[in-house]
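Student: For reference, the structure I am asking about is given below.
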Amino acid sequence: MKQADVIIIGGGAAGFFTAINAAENNPKLKIIILERGKEVLTKVKVSGGGRCNVTHGEFLPKELTQNYPRGEKELLGPFHSFMTGDTIEWFEKRGVELKIEADGRMFPVSDSSQTIIDCFLSEAKRLGVEILLNQSVKEIQKEENRFTINTTTDTFSAEKIVVATGSNPKIWKLLEDLGHTIVPAVPSLFTFNIKDSRIIDLPGLSTDASVKIIGDSGKILLESNGPLLITHWGMSGPAILKLSAWGARMLEPLNYHFNIEVNWLNTLSEEEVFDALKNLKTLQGKQTIFKNAQFELPKRLWQSLVKAAGIMETLTWADATRENLQNLANQLTAGVFEVVGKSTFKEEFVTAGGLDLKEVNFKTFESRKIDGLYFAGEVLNIDAITGGFNFQNAWTGGFIVSQNL
């Protein structure tokens, strides 16, 4: 049996961040990371298209929490202890400079996730953290004040353990066996599958839009806005991904079949657009509607929506009827699209679900049920929209755990 002071289950972002900070705070601690795979930090490697979206340039705790469909309330206190500015400083102290992009996402200046991985591995080595691979945990037991962990090959014993395994159903089951409650997992970041003649020829086209999820009675269930990307299988981009995250629990029982309403002009209302189109009838009477894109919309999208409004390619503004203009205003601001399924968003698979947040003390990230058992990262029922927020949750949780071990 191998003895340690602290055993961290999971060799990902949260696990490494916890281990490094704990070892730095208390160099006497014997810390072991158990990783079930043959490599560590695999999710860090693929995140942000291989660039690693480390965090997001949002520096107010309250504003930062609003990017977490699950965990918003619980993370407010922790973010006052450790958040974006602290993350930037932490990496800079270790020779990794971060940069902020126009949309707020933050990456290493090197644009390579390997920079983050190398930083973690060298820090762990410098501080004497032991990393063991191919250690799939089969059982966790607590007797008196020590934990026993059985893996496929070994048995370990420690006073304190940190579970940082992300969305791993096998580990969730072991936590249930210890008396914890698990909120069942559902996908959280996904794109919408839509087969519709209005967008079928437009993959790759991106524009700012606002999107609403519409219930059976026509009631608006959720809305978001931002860049919308048309893809080969439907719609993606931040506007859609935000809806998928906030609607994760609502959309799963619908089997991902529902309607959305897209306003391609973002904040303009149907009435405002109808009035603007009437003006064009007066001002640009001789021009054809089809060829004469308006509202700074991409030309191909404009032409597709003109066709969808039933307007002939040869019709001029002067000859347009009230009905023509009304139909076009409707297509531009309130086009309804049927969603017929979902696709996983790149490699960055995020789930809603995990350890029930009521069973965690968010001052320490320790279990309220079992002394000496701590959690960090997505093992908890916390998830965020895309943009570096899931990693910030891992850094914050890992840091606070390390202060309390």
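Chain identifiers are assigned as A, B, and so on, following the order in which chains appear in the structure tokens; residues are numbered from 1 within each chain, and ligands are numbered from 1 in order of appearance.
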Within region 119-291 of chain A, find each residue whose DSSP state, derived from the backbone, is alpha helix (DSSP H), and express the selection as a ChimeraX atom specification.

Tutor: /A:119-126,169-177,238-246,248-251,270-283

Student: Go ahead and save the residues from that selection, with C-alpha atoms, as a PDB file, in the first residue's frame.

Tutor:
ATOM      1  CA  CYS A 119       4.373  24.697 -17.304  1.00  0.00           C
ATOM      2  CA  PHE A 120       2.277  22.264 -15.230  1.00  0.00           C
ATOM      3  CA  LEU A 121       4.625  19.304 -15.756  1.00  0.00           C
ATOM      4  CA  SER A 122       7.768  21.267 -14.881  1.00  0.00           C
ATOM      5  CA  GLU A 123       6.137  22.822 -11.783  1.00  0.00           C
ATOM      6  CA  ALA A 124       4.895  19.418 -10.596  1.00  0.00           C
ATOM      7  CA  LYS A 125       8.378  17.958 -11.077  1.00  0.00           C
ATOM      8  CA  ARG A 126      10.090  20.886  -9.326  1.00  0.00           C
ATOM      9  CA  PRO A 169     -19.710   8.580 -14.511  1.00  0.00           C
ATOM     10  CA  LYS A 170     -17.620   5.826 -12.824  1.00  0.00           C
ATOM     11  CA  ILE A 171     -16.252   8.273 -10.254  1.00  0.00           C
ATOM     12  CA  TRP A 172     -19.709   9.800  -9.754  1.00  0.00           C
ATOM     13  CA  LYS A 173     -20.935   6.278  -8.914  1.00  0.00           C
ATOM     14  CA  LEU A 174     -18.142   5.871  -6.300  1.00  0.00           C
ATOM     15  CA  LEU A 175     -19.140   9.223  -4.762  1.00  0.00           C
ATOM     16  CA  GLU A 176     -22.761   8.030  -4.628  1.00  0.00           C
ATOM     17  CA  ASP A 177     -21.554   4.917  -2.813  1.00  0.00           C
ATOM     18  CA  PRO A 238     -21.750  31.888 -29.500  1.00  0.00           C
ATOM     19  CA  ALA A 239     -25.452  32.820 -29.911  1.00  0.00           C
ATOM     20  CA  ILE A 240     -26.364  29.129 -30.314  1.00  0.00           C
ATOM     21  CA  LEU A 241     -23.860  27.705 -27.809  1.00  0.00           C
ATOM     22  CA  LYS A 242     -25.163  30.047 -25.095  1.00  0.00           C
ATOM     23  CA  LEU A 243     -28.688  28.720 -25.688  1.00  0.00           C
ATOM     24  CA  SER A 244     -27.447  25.124 -25.557  1.00  0.00           C
ATOM     25  CA  ALA A 245     -25.736  25.740 -22.199  1.00  0.00           C
ATOM     26  CA  TRP A 246     -28.588  27.616 -20.517  1.00  0.00           C
ATOM     27  CA  ALA A 248     -29.273  22.017 -21.365  1.00  0.00           C
ATOM     28  CA  ARG A 249     -31.812  20.622 -18.874  1.00  0.00           C
ATOM     29  CA  MET A 250     -34.838  21.924 -20.808  1.00  0.00           C
ATOM     30  CA  LEU A 251     -33.840  20.599 -24.241  1.00  0.00           C
ATOM     31  CA  GLU A 270     -40.311  43.669 -37.191  1.00  0.00           C
ATOM     32  CA  GLU A 271     -42.189  47.023 -37.163  1.00  0.00           C
ATOM     33  CA  GLU A 272     -38.960  49.049 -37.407  1.00  0.00           C
ATOM     34  CA  VAL A 273     -37.756  46.922 -40.303  1.00  0.00           C
ATOM     35  CA  PHE A 274     -41.124  47.167 -42.101  1.00  0.00           C
ATOM     36  CA  ASP A 275     -40.922  50.988 -41.833  1.00  0.00           C
ATOM     37  CA  ALA A 276     -37.338  50.946 -43.170  1.00  0.00           C
ATOM     38  CA  LEU A 277     -38.421  48.773 -46.120  1.00  0.00           C
ATOM     39  CA  LYS A 278     -41.280  51.201 -46.919  1.00  0.00           C
ATOM     40  CA  ASN A 279     -38.687  53.995 -47.052  1.00  0.00           C
ATOM     41  CA  LEU A 280     -36.598  51.973 -49.491  1.00  0.00           C
ATOM     42  CA  LYS A 281     -39.672  51.626 -51.722  1.00  0.00           C
ATOM     43  CA  THR A 282     -39.697  55.430 -51.967  1.00  0.00           C
ATOM     44  CA  LEU A 283     -35.949  56.074 -52.068  1.00  0.00           C
TER      45      LEU A 283
END

Student: Near Pro203 (chain A), within 9 Å and counting only C-alpha atoms, which residues show up once chain neighbours fewer than 6 positions away are dropped, as a PyMOL selection string?

Tutor: chain A and resi 229-235

Student: Extract, using only C-alpha atoms, all DNA, RNA and protein residues at most 7 Å from Ala14 (chain A), discarding same-chain residues fewer than 3 positions from it, and format them as a list in words.

Tutor: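 Neighbouring residues, sequence-local ones excluded: Phe17, Thr18, Ala164, Ala376, Gly377, Ala394, Trp395 and Gly398 of chain A.
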
Student: Next, dump the selected residues to file, keeping only N, CA and C atoms, as an mmCIF file, in the first residue's frame.

Tutor:
data_model
loop_
_atom_site.group_PDB
_atom_site.id
_atom_site.type_symbol
_atom_site.label_atom_id
_atom_site.label_comp_id
_atom_site.auth_asym_id
_atom_site.auth_seq_id
_atom_site.Cartn_x
_atom_site.Cartn_y
_atom_site.Cartn_z
ATOM 1 N N PHE A 17 -3.587 21.894 -11.016
ATOM 2 C CA PHE A 17 -3.570 23.213 -10.372
ATOM 3 C C PHE A 17 -3.630 23.057 -8.855
ATOM 4 N N THR A 18 -4.452 22.109 -8.394
ATOM 5 C CA THR A 18 -4.544 21.826 -6.961
ATOM 6 C C THR A 18 -3.204 21.332 -6.432
ATOM 7 N N ALA A 164 -10.893 15.297 -8.856
ATOM 8 C CA ALA A 164 -10.815 16.283 -9.949
ATOM 9 C C ALA A 164 -10.886 15.545 -11.279
ATOM 10 N N ALA A 376 -12.735 19.583 -7.172
ATOM 11 C CA ALA A 376 -12.355 20.724 -8.018
ATOM 12 C C ALA A 376 -12.714 20.422 -9.466
ATOM 13 N N GLY A 377 -13.212 21.440 -10.176
ATOM 14 C CA GLY A 377 -13.500 21.292 -11.608
ATOM 15 C C GLY A 377 -14.874 20.729 -11.892
ATOM 16 N N ALA A 394 -12.001 25.589 -12.854
ATOM 17 C CA ALA A 394 -10.991 24.607 -12.414
ATOM 18 C C ALA A 394 -9.879 25.286 -11.617
ATOM 19 N N TRP A 395 -9.397 26.453 -12.118
ATOM 20 C CA TRP A 395 -8.299 27.146 -11.416
ATOM 21 C C TRP A 395 -8.769 27.637 -10.037
ATOM 22 N N GLY A 398 -9.391 24.605 -7.681
ATOM 23 C CA GLY A 398 -8.109 23.991 -7.330
ATOM 24 C C GLY A 398 -7.314 24.844 -6.366
#

Student: Suppose you want the space between CA of Leu127 (chain A) and CA of Gln141 (chain A); what is it in Å?

Tutor: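 Separation of CA of Leu127 (chain A) and CA of Gln141 (chain A): 27.9 Å.
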
Student: Mind listing the strand (DSSP E) residues of region 144-266 of chain A, per DSSP on the backbone, as a ChimeraX atom specification?

Tutor: /A:146-151,155-163,182-187,190-193,206-214,220-231,234-236,257-263

Student: I need the residue nearest Glu35 (chain A) from this list: A:Ile100, A:Ile131, A:Val401, A:Ala13. Use only C-alpha atoms for the distance.

Tutor: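 Smallest separation from Glu35 (chain A) among the options: A:Ile131.
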
Student: Using only C-alpha atoms for the distances, tell me which of A:Leu315, A:Ile385, A:His56, A:Ser206 is nearest to Ala102 (chain A).

Tutor: A:His56

Student: CA of Asn292 (chain A) and CA of Lys195 (chain A) are how many Å apart?

Tutor: 26.5 Å

Student: Can you tell me, as a ChimeraX atom specification, what residues are no more than 9 Å from Lys38 (chain A) when counting only C-alpha atoms, ignoring any on the same chain fewer than 4 positions away?

Tutor: /A:133-135

Student: Restricting the calculation to only C-alpha atoms, which member of A:Ile199, A:Ile260, A:Val183, A:Ile117 is positioned closest to Glu39 (chain A)?

Tutor: A:Ile117

Student: Residues at most 6 Å from Ala209 (chain A), counting only C-alpha atoms, excluding those fewer than 2 positions away in the same chain, as a PyMOL selection string?

Tutor: chain A and resi 225-226+263-266

Student: Quick one, how far is CA of His257 (chain A) from CA of Glu338 (chain A)?

Tutor: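 Distance between the two atoms: 7.4 Å.
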
Student: I want to know what sits within 12 Å of Thr153 (chain A), based on only C-alpha atoms, with residues of the same chain fewer than 5 positions away left out; could you give that as a PDB file with N, CA and C atoms, in the first residue's frame?

Tutor:
ATOM      1  N   MET A   1       0.853  -1.212   0.000  1.00  0.00           N
ATOM      2  CA  MET A   1       0.000   0.000   0.000  1.00  0.00           C
ATOM      3  C   MET A   1       0.880   1.249   0.000  1.00  0.00           C
ATOM      4  N   LYS A   2       0.573   2.170  -0.916  1.00  0.00           N
ATOM      5  CA  LYS A   2       1.354   3.415  -1.005  1.00  0.00           C
ATOM      6  C   LYS A   2       0.686   4.487  -0.143  1.00  0.00           C
ATOM      7  N   LEU A  34      -3.296  10.597  -9.331  1.00  0.00           N
ATOM      8  CA  LEU A  34      -3.656   9.343 -10.002  1.00  0.00           C
ATOM      9  C   LEU A  34      -4.421   9.671 -11.287  1.00  0.00           C
ATOM     10  N   ARG A  36      -6.168   8.047 -14.763  1.00  0.00           N
ATOM     11  CA  ARG A  36      -6.614   6.745 -15.300  1.00  0.00           C
ATOM     12  C   ARG A  36      -6.043   6.464 -16.687  1.00  0.00           C
ATOM     13  N   LEU A 132       1.132   9.324 -11.300  1.00  0.00           N
ATOM     14  CA  LEU A 132       1.029   7.909 -11.663  1.00  0.00           C
ATOM     15  C   LEU A 132      -0.046   7.729 -12.740  1.00  0.00           C
ATOM     16  N   LEU A 133       0.338   7.089 -13.842  1.00  0.00           N
ATOM     17  CA  LEU A 133      -0.574   6.898 -14.978  1.00  0.00           C
ATOM     18  C   LEU A 133      -1.223   5.514 -14.935  1.00  0.00           C
ATOM     19  N   ASN A 134      -2.235   5.330 -15.791  1.00  0.00           N
ATOM     20  CA  ASN A 134      -2.958   4.048 -15.887  1.00  0.00           C
ATOM     21  C   ASN A 134      -3.490   3.587 -14.526  1.00  0.00           C
ATOM     22  N   GLN A 135      -4.004   4.527 -13.744  1.00  0.00           N
ATOM     23  CA  GLN A 135      -4.511   4.212 -12.403  1.00  0.00           C
ATOM     24  C   GLN A 135      -6.016   4.477 -12.373  1.00  0.00           C
ATOM     25  N   SER A 136      -6.773   3.534 -12.888  1.00  0.00           N
ATOM     26  CA  SER A 136      -8.225   3.671 -12.887  1.00  0.00           C
ATOM     27  C   SER A 136      -8.746   3.305 -11.496  1.00  0.00           C
ATOM     28  N   VAL A 137      -9.431   4.270 -10.853  1.00  0.00           N
ATOM     29  CA  VAL A 137      -9.890   4.057  -9.470  1.00  0.00           C
ATOM     30  C   VAL A 137     -11.137   3.184  -9.461  1.00  0.00           C
ATOM     31  N   LYS A 138     -11.079   2.116  -8.655  1.00  0.00           N
ATOM     32  CA  LYS A 138     -12.188   1.158  -8.584  1.00  0.00           C
ATOM     33  C   LYS A 138     -13.006   1.326  -7.302  1.00  0.00           C
ATOM     34  N   GLU A 139     -12.360   1.844  -6.239  1.00  0.00           N
ATOM     35  CA  GLU A 139     -13.045   1.889  -4.944  1.00  0.00           C
ATOM     36  C   GLU A 139     -12.423   2.984  -4.079  1.00  0.00           C
TER      37      GLU A 139
END

Student: Just checking: using only C-alpha atoms, which residue out of A:Thr152, A:Thr316, A:Gln114, A:Thr165 ends up closest to Leu380 (chain A)?

Tutor: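 Selected residue with least distance to Leu380 (chain A): A:Thr165.
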
Student: Smallest atom-to-atom distance to Ala308 (chain A): which of A:Val162, A:Ile20, A:Ala329, A:Val211, using only C-alpha atoms?

Tutor: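 The answer is A:Ala329, which sits nearest to Ala308 (chain A).
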